[in-house]
Amino acid sequence: MKTQTVSEYNQVIRQCKELFKKKTLDYGTAWRILRLPSITDQIFIKAQRIRSIQEKGNQKVNDPIADEFIGIINYCLIALIQISLADDDRMELDFAELEPLYDQWTAATRGLLENKNHDYGEAWRDMRVASMTDIILMKLYRVKQIEDNQGVTLVSEGIEANYQDMINYAVFCLIKLGYHHA
C-alpha cells in the first residue's frame with residue numbers, strides 16, 4: 001500500500017482518537033449502557049444526516065459533515081470495544097484502560113485496509129464521497145439484519161468486519177474531504 005495512504009489514515013485516526021479521549025474525560029464511559037443495536041442506530045443517524053445533506057445540497061444545523069464521519073469512526077470503535085468487553089459489566093472505565101483496545105481495533109482495521117487496498121489498487125481514491133456514504137449505509141443495513149438474526153450469518157462476514165469496513169470508508173471520506181490536513 002502507498003505510504004501516503006498509511007500516513008493520511010494515521011493522521012485521521014490520531015484526530016479521532018484525540019476526540020474520543022477528550023469525550024471520555026468529559027463524559028466518562030456512559031456509552032457502556034448502550035447495546036450494540038443502539039450503537040448501530042447512532043451510526044445510522046450520522047450516516048443518514050450526511051446523505052440528507054448531500055442530497056439537499058445544504059444544511060440547517062452548522063455541524064460539518066466531517067464531524068459526522070468522525071462520529072461514525074468513533075461509534076464503530078465503541079461497538080468493537082463493547083464486543084471486546086462483552087464479559088465486563090463495569091460502566092466506568094478509564095481512558096488508560098480503553099486506549100489499548102482503541103489502538104488494537106484501529107491497527108486491525110488498518111491491516112484490513114492494507115490488504116484490501118493491495119487487492120483493489122486504492123480504487124476508493126476514484127470514488128465519490130456520496131458513493132462511500134451509500135456504502136456505509138448499506139453496511140449499516142447489513143449490521144442491522146445480522147443483529148436482528150442474533151448474529152447468525154450463513155455465508156457473510158460477521159458484524160466486526162462490517163464495523164471495520166465502515167471505519168475505513170469514513171476514513172477515506174475524511175481523507176477526500178482534506179480532514180487529514182486539519
# chains A, B, ... in the order shown; residues from 1 in each chain; ligands from 1

$ closest_atom_pairs --of "segment 58-93 of chain A" --to "segment 150-167 of chain A" --cutoff "10 Å" --atoms "only C-alpha atoms" --output "CSV"
residue,atom,partner,partner_atom,distance
A:Phe69,CA,A:Ile167,CA,8.7
A:Ile70,CA,A:Ile167,CA,9.0
A:Gly71,CA,A:Ile167,CA,9.9
A:Ile72,CA,A:Ile167,CA,7.0
A:Ile73,CA,A:Ile167,CA,4.9
A:Asn74,CA,A:Ile167,CA,8.2
A:Tyr75,CA,A:Tyr163,CA,9.1
A:Cys76,CA,A:Tyr163,CA,5.4
A:Leu77,CA,A:Tyr163,CA,7.7
A:Ile78,CA,A:Tyr163,CA,9.9
A:Ala79,CA,A:Tyr163,CA,7.7
A:Leu80,CA,A:Glu160,CA,6.6
A:Ile83,CA,A:Glu160,CA,8.4

$ write_last_selection --atoms "all heavy atoms" --output "tab-separated table (two decimals), in the first residue's frame"
chain	number	residue	atom	x	y	z
A	69	PHE	N	-18.57	12.01	10.05
A	69	PHE	CA	-17.70	10.88	9.70
A	69	PHE	C	-16.81	10.50	10.88
A	69	PHE	O	-16.59	9.31	11.14
A	69	PHE	CB	-16.84	11.20	8.46
A	69	PHE	CG	-17.60	11.14	7.16
A	69	PHE	CD1	-17.74	12.27	6.37
A	69	PHE	CD2	-18.19	9.95	6.72
A	69	PHE	CE1	-18.43	12.22	5.16
A	69	PHE	CE2	-18.89	9.89	5.52
A	69	PHE	CZ	-19.01	11.03	4.74
A	70	ILE	N	-16.34	11.48	11.63
A	70	ILE	CA	-15.56	11.21	12.84
A	70	ILE	C	-16.43	10.44	13.83
A	70	ILE	O	-15.98	9.46	14.45
A	70	ILE	CB	-15.04	12.52	13.47
A	70	ILE	CG1	-14.04	13.19	12.53
A	70	ILE	CG2	-14.40	12.26	14.85
A	70	ILE	CD1	-13.77	14.65	12.86
A	71	GLY	N	-17.68	10.87	13.98
A	71	GLY	CA	-18.61	10.17	14.86
A	71	GLY	C	-18.83	8.73	14.43
A	71	GLY	O	-18.90	7.83	15.26
A	72	ILE	N	-18.95	8.51	13.13
A	72	ILE	CA	-19.11	7.15	12.61
A	72	ILE	C	-17.90	6.30	13.01
A	72	ILE	O	-18.04	5.18	13.50
A	72	ILE	CB	-19.31	7.15	11.08
A	72	ILE	CG1	-20.70	7.70	10.74
A	72	ILE	CG2	-19.12	5.75	10.48
A	72	ILE	CD1	-20.92	7.99	9.26
A	73	ILE	N	-16.71	6.83	12.81
A	73	ILE	CA	-15.49	6.10	13.17
A	73	ILE	C	-15.48	5.77	14.66
A	73	ILE	O	-15.28	4.61	15.06
A	73	ILE	CB	-14.23	6.91	12.78
A	73	ILE	CG1	-14.11	7.00	11.26
A	73	ILE	CG2	-12.97	6.30	13.41
A	73	ILE	CD1	-13.13	8.05	10.76
A	74	ASN	N	-15.72	6.78	15.49
A	74	ASN	CA	-15.64	6.54	16.93
A	74	ASN	C	-16.76	5.64	17.44
A	74	ASN	O	-16.53	4.80	18.32
A	74	ASN	CB	-15.54	7.86	17.70
A	74	ASN	CG	-14.13	8.40	17.70
A	74	ASN	OD1	-13.15	7.66	17.51
A	74	ASN	ND2	-13.99	9.69	17.92
A	75	TYR	N	-17.97	5.77	16.90
A	75	TYR	CA	-19.03	4.86	17.33
A	75	TYR	C	-18.77	3.43	16.86
A	75	TYR	O	-19.09	2.48	17.57
A	75	TYR	CB	-20.41	5.35	16.87
A	75	TYR	CG	-21.08	6.25	17.87
A	75	TYR	CD1	-21.29	7.59	17.59
A	75	TYR	CD2	-21.51	5.77	19.11
A	75	TYR	CE1	-21.91	8.43	18.50
A	75	TYR	CE2	-22.13	6.60	20.03
A	75	TYR	CZ	-22.32	7.93	19.73
A	75	TYR	OH	-22.93	8.76	20.64
A	76	CYS	N	-18.20	3.25	15.67
A	76	CYS	CA	-17.82	1.90	15.23
A	76	CYS	C	-16.77	1.32	16.18
A	76	CYS	O	-16.84	0.14	16.55
A	76	CYS	CB	-17.28	1.92	13.80
A	76	CYS	SG	-18.55	2.10	12.52
A	77	LEU	N	-15.82	2.15	16.58
A	77	LEU	CA	-14.81	1.69	17.54
A	77	LEU	C	-15.43	1.40	18.90
A	77	LEU	O	-15.06	0.42	19.56
A	77	LEU	CB	-13.66	2.69	17.63
A	77	LEU	CG	-12.75	2.65	16.41
A	77	LEU	CD1	-11.93	3.91	16.29
A	77	LEU	CD2	-11.85	1.41	16.45
A	78	ILE	N	-16.39	2.20	19.32
A	78	ILE	CA	-17.11	1.92	20.57
A	78	ILE	C	-17.80	0.56	20.46
A	78	ILE	O	-17.76	-0.25	21.41
A	78	ILE	CB	-18.10	3.06	20.89
A	78	ILE	CG1	-17.34	4.27	21.44
A	78	ILE	CG2	-19.18	2.59	21.88
A	78	ILE	CD1	-18.18	5.53	21.57
A	79	ALA	N	-18.43	0.27	19.32
A	79	ALA	CA	-19.08	-1.02	19.13
A	79	ALA	C	-18.07	-2.16	19.24
A	79	ALA	O	-18.33	-3.17	19.92
A	79	ALA	CB	-19.80	-1.06	17.78
A	80	LEU	N	-16.93	-2.00	18.59
A	80	LEU	CA	-15.91	-3.05	18.63
A	80	LEU	C	-15.36	-3.22	20.04
A	80	LEU	O	-15.10	-4.34	20.49
A	80	LEU	CB	-14.80	-2.73	17.62
A	80	LEU	CG	-15.23	-2.79	16.15
A	80	LEU	CD1	-14.20	-2.13	15.25
A	80	LEU	CD2	-15.50	-4.23	15.73
A	83	ILE	N	-17.86	-5.13	22.06
A	83	ILE	CA	-17.75	-6.56	21.76
A	83	ILE	C	-16.58	-7.16	22.55
A	83	ILE	O	-16.70	-8.24	23.13
A	83	ILE	CB	-17.60	-6.79	20.24
A	83	ILE	CG1	-18.91	-6.43	19.53
A	83	ILE	CG2	-17.19	-8.24	19.94
A	83	ILE	CD1	-18.80	-6.31	18.01

$ residues_around --residues "Arg49 of chain A" --least-positions-apart "4" --cutoff "9 Å" --atoms "only C-alpha atoms" --output "list in words"
Phe44, Ile45, Ile53, Gln54, Ile65 and Glu68 of chain A

$ closest_residue --among "A:Ala130, A:Asn115, A:Ile146, A:Lys60" --to "Lys176 of chain A" --atoms "only C-alpha atoms"
A:Ala130

$ residues_around --residues "Glu114 of chain A" --least-positions-apart "3" --cutoff "12 Å" --atoms "only C-alpha atoms" --output "ChimeraX atom specification"
/A:1-6,9,107-111,117-122,165,168

$ write_last_selection --atoms "N, CA and C atoms" --output "compact mmCIF listing (two decimals), in the first residue's frame"
# COMPACT_ATOMS: atom_id res chain seq x y z
N MET A 1 0.84 -1.18 0.00
CA MET A 1 0.00 0.00 0.00
C MET A 1 0.88 1.23 0.00
N LYS A 2 0.40 2.27 -0.60
CA LYS A 2 1.15 3.51 -0.66
C LYS A 2 1.37 4.08 0.73
N THR A 3 2.58 4.55 0.98
CA THR A 3 2.91 5.17 2.26
C THR A 3 2.02 6.37 2.51
N GLN A 4 1.64 7.08 1.47
CA GLN A 4 0.77 8.26 1.60
C GLN A 4 -0.54 7.87 2.28
N THR A 5 -1.13 6.77 1.86
CA THR A 5 -2.41 6.35 2.43
C THR A 5 -2.25 6.00 3.91
N VAL A 6 -1.20 5.29 4.25
CA VAL A 6 -0.95 4.94 5.66
C VAL A 6 -0.79 6.21 6.48
N TYR A 9 -4.17 7.97 6.73
CA TYR A 9 -5.02 7.17 7.60
C TYR A 9 -4.65 7.41 9.06
N ALA A 107 -5.58 -0.68 14.68
CA ALA A 107 -4.49 -1.38 13.99
C ALA A 107 -5.03 -2.53 13.14
N ALA A 108 -5.96 -3.30 13.70
CA ALA A 108 -6.56 -4.40 12.95
C ALA A 108 -7.34 -3.88 11.74
N THR A 109 -8.02 -2.76 11.92
CA THR A 109 -8.81 -2.18 10.84
C THR A 109 -7.90 -1.61 9.75
N ARG A 110 -6.79 -1.00 10.15
CA ARG A 110 -5.82 -0.51 9.17
C ARG A 110 -5.21 -1.70 8.41
N GLY A 111 -4.98 -2.81 9.10
CA GLY A 111 -4.47 -4.02 8.44
C GLY A 111 -5.44 -4.53 7.38
N ASN A 117 -6.64 -2.68 0.00
CA ASN A 117 -6.02 -1.73 -0.93
C ASN A 117 -5.06 -2.46 -1.87
N HIS A 118 -4.38 -3.46 -1.36
CA HIS A 118 -3.48 -4.25 -2.20
C HIS A 118 -4.27 -4.89 -3.34
N ASP A 119 -5.41 -5.48 -2.98
CA ASP A 119 -6.20 -6.19 -3.98
C ASP A 119 -6.98 -5.26 -4.91
N TYR A 120 -7.46 -4.15 -4.39
CA TYR A 120 -8.31 -3.24 -5.17
C TYR A 120 -7.55 -2.05 -5.75
N GLY A 121 -6.27 -1.92 -5.43
CA GLY A 121 -5.47 -0.86 -6.02
C GLY A 121 -5.94 0.55 -5.67
N GLU A 122 -6.37 0.75 -4.42
CA GLU A 122 -6.82 2.06 -3.95
C GLU A 122 -7.93 2.66 -4.81
N ASP A 165 -15.21 -2.11 8.06
CA ASP A 165 -15.38 -1.54 6.72
C ASP A 165 -15.94 -0.12 6.81
N ASN A 168 -13.21 2.24 7.74
CA ASN A 168 -12.32 2.52 6.61
C ASN A 168 -12.97 3.45 5.58

$ select_by_dssp --residues "segment 75-138 of chain A" --states "alpha helix (DSSP H)" --output "short mmCIF file (atom, residue, chain, number, x, y, z; two decimals) with C-alpha atoms, in the first residue's frame"
data_model
loop_
_atom_site.label_atom_id
_atom_site.label_comp_id
_atom_site.auth_asym_id
_atom_site.auth_seq_id
_atom_site.Cartn_x
_atom_site.Cartn_y
_atom_site.Cartn_z
CA TYR A 75 -19.03 4.86 17.33
CA CYS A 76 -17.82 1.90 15.23
CA LEU A 77 -14.81 1.69 17.54
CA ILE A 78 -17.11 1.92 20.57
CA ALA A 79 -19.08 -1.02 19.13
CA LEU A 80 -15.91 -3.05 18.63
CA ILE A 81 -14.73 -2.17 22.14
CA GLN A 82 -18.15 -3.21 23.53
CA ILE A 83 -17.75 -6.56 21.76
CA SER A 84 -14.28 -6.92 23.32
CA PHE A 95 -9.20 6.08 29.14
CA ALA A 96 -5.91 4.37 30.05
CA GLU A 97 -7.79 1.06 30.03
CA LEU A 98 -9.69 1.85 26.81
CA GLU A 99 -6.71 3.18 24.86
CA PRO A 100 -5.13 -0.26 24.17
CA LEU A 101 -8.49 -1.55 22.89
CA TYR A 102 -8.94 1.54 20.71
CA ASP A 103 -5.40 1.06 19.35
CA GLN A 104 -5.87 -2.69 18.86
CA TRP A 105 -9.03 -2.21 16.80
CA THR A 106 -7.62 0.67 14.73
CA ALA A 107 -4.49 -1.38 13.99
CA ALA A 108 -6.56 -4.40 12.95
CA THR A 109 -8.81 -2.18 10.84
CA ARG A 110 -5.82 -0.51 9.17
CA GLY A 111 -4.47 -4.02 8.44
CA LEU A 112 -7.76 -4.87 6.73
CA LEU A 113 -7.46 -1.65 4.72
CA GLU A 114 -3.91 -2.52 3.66
CA ASN A 115 -4.98 -5.96 2.44
CA LYS A 116 -8.00 -4.64 0.55
CA ASN A 117 -6.02 -1.73 -0.93
CA HIS A 118 -3.48 -4.25 -2.20
CA ASP A 119 -6.20 -6.19 -3.98
CA TYR A 120 -8.31 -3.24 -5.17
CA VAL A 129 -17.80 10.77 -1.04
CA ALA A 130 -21.54 10.35 -1.70
CA SER A 131 -20.97 6.80 -3.01
CA MET A 132 -18.93 5.91 0.06
CA THR A 133 -21.72 7.33 2.24
CA ASP A 134 -24.14 4.99 0.47
CA ILE A 135 -21.79 2.05 1.11
CA ILE A 136 -21.64 2.95 4.81
CA LEU A 137 -25.45 2.99 4.88
CA MET A 138 -25.57 -0.39 3.10
#

$ atom_distance --atom1 "atom CA of Arg32 of chain A" --atom2 "atom CA of Met91 of chain A"
5.5 Å

$ atom_distance --atom1 "atom CA of Arg51 of chain A" --atom2 "atom CA of Val171 of chain A"
16.2 Å

$ closest_residue --among "A:Arg128, A:Arg35, A:Gln42, A:Lys17" --to "Tyr169 of chain A" --atoms "only C-alpha atoms"
A:Arg128

$ closest_residue --among "A:Glu55, A:Leu140, A:Gln11, A:Ile33" --to "Asp88 of chain A" --atoms "only C-alpha atoms"
A:Ile33

$ decode --residues "segment 21-45 of chain A" --atoms "N, CA, C and O atoms" --output "compact mmCIF listing (two decimals), in the first residue's frame"
# COMPACT_ATOMS: atom_id res chain seq x y z
N LYS A 21 -10.70 10.55 23.33
CA LYS A 21 -10.08 10.73 24.65
C LYS A 21 -10.73 11.90 25.40
O LYS A 21 -11.10 11.76 26.57
N LYS A 22 -10.88 13.03 24.72
CA LYS A 22 -11.47 14.21 25.37
C LYS A 22 -12.91 13.95 25.79
O LYS A 22 -13.33 14.36 26.88
N LYS A 23 -13.68 13.27 24.94
CA LYS A 23 -15.06 12.97 25.31
C LYS A 23 -15.12 11.98 26.46
O LYS A 23 -16.00 12.08 27.32
N THR A 24 -14.18 11.05 26.50
CA THR A 24 -14.12 10.11 27.62
C THR A 24 -13.81 10.85 28.92
O THR A 24 -14.41 10.58 29.96
N LEU A 25 -12.90 11.82 28.84
CA LEU A 25 -12.58 12.61 30.04
C LEU A 25 -13.77 13.49 30.45
O LEU A 25 -14.02 13.67 31.64
N ASP A 26 -14.52 14.01 29.48
CA ASP A 26 -15.69 14.85 29.78
C ASP A 26 -16.88 14.05 30.30
O ASP A 26 -17.53 14.45 31.27
N TYR A 27 -17.20 12.94 29.62
CA TYR A 27 -18.44 12.22 29.86
C TYR A 27 -18.26 10.87 30.55
O TYR A 27 -19.25 10.21 30.87
N GLY A 28 -17.03 10.43 30.70
CA GLY A 28 -16.82 9.08 31.18
C GLY A 28 -17.21 8.09 30.09
O GLY A 28 -17.19 8.42 28.91
N THR A 29 -17.59 6.91 30.50
CA THR A 29 -17.96 5.88 29.52
C THR A 29 -19.46 5.57 29.62
O THR A 29 -19.87 4.42 29.70
N ALA A 30 -20.25 6.63 29.58
CA ALA A 30 -21.71 6.48 29.61
C ALA A 30 -22.18 5.57 28.48
O ALA A 30 -23.22 4.90 28.60
N TRP A 31 -21.43 5.52 27.38
CA TRP A 31 -21.80 4.68 26.24
C TRP A 31 -21.82 3.19 26.59
O TRP A 31 -22.40 2.39 25.86
N ARG A 32 -21.24 2.81 27.71
CA ARG A 32 -21.24 1.39 28.11
C ARG A 32 -22.66 0.88 28.32
O ARG A 32 -22.90 -0.32 28.27
N ILE A 33 -23.61 1.77 28.56
CA ILE A 33 -25.01 1.37 28.77
C ILE A 33 -25.64 0.90 27.46
O ILE A 33 -26.64 0.18 27.46
N LEU A 34 -25.07 1.31 26.32
CA LEU A 34 -25.66 1.02 25.02
C LEU A 34 -25.44 -0.44 24.59
O LEU A 34 -24.32 -0.94 24.65
N ARG A 35 -26.50 -1.05 24.12
CA ARG A 35 -26.39 -2.35 23.48
C ARG A 35 -25.96 -2.12 22.03
O ARG A 35 -26.11 -1.01 21.50
N LEU A 36 -25.42 -3.15 21.40
CA LEU A 36 -24.91 -2.99 20.03
C LEU A 36 -25.94 -2.42 19.06
O LEU A 36 -25.59 -1.52 18.28
N PRO A 37 -27.21 -2.86 19.08
CA PRO A 37 -28.17 -2.25 18.14
C PRO A 37 -28.35 -0.74 18.37
O PRO A 37 -28.57 0.00 17.40
N SER A 38 -28.20 -0.28 19.60
CA SER A 38 -28.31 1.16 19.88
C SER A 38 -27.11 1.91 19.30
O SER A 38 -27.26 3.02 18.78
N ILE A 39 -25.94 1.30 19.39
CA ILE A 39 -24.74 1.91 18.80
C ILE A 39 -24.89 1.95 17.28
O ILE A 39 -24.61 2.97 16.64
N THR A 40 -25.37 0.86 16.71
CA THR A 40 -25.61 0.81 15.26
C THR A 40 -26.57 1.91 14.84
O THR A 40 -26.35 2.58 13.83
N ASP A 41 -27.61 2.13 15.64
CA ASP A 41 -28.56 3.20 15.31
C ASP A 41 -27.92 4.59 15.42
O ASP A 41 -28.26 5.48 14.63
N GLN A 42 -27.01 4.78 16.36
CA GLN A 42 -26.30 6.06 16.45
C GLN A 42 -25.48 6.30 15.18
O GLN A 42 -25.45 7.41 14.65
N ILE A 43 -24.82 5.26 14.71
CA ILE A 43 -24.04 5.36 13.47
C ILE A 43 -24.97 5.65 12.30
O ILE A 43 -24.68 6.49 11.44
N PHE A 44 -26.13 4.96 12.28
CA PHE A 44 -27.10 5.16 11.21
C PHE A 44 -27.58 6.61 11.15
O PHE A 44 -27.66 7.20 10.06
N ILE A 45 -27.86 7.21 12.31
CA ILE A 45 -28.31 8.60 12.36
C ILE A 45 -27.27 9.52 11.72
O ILE A 45 -27.60 10.42 10.95
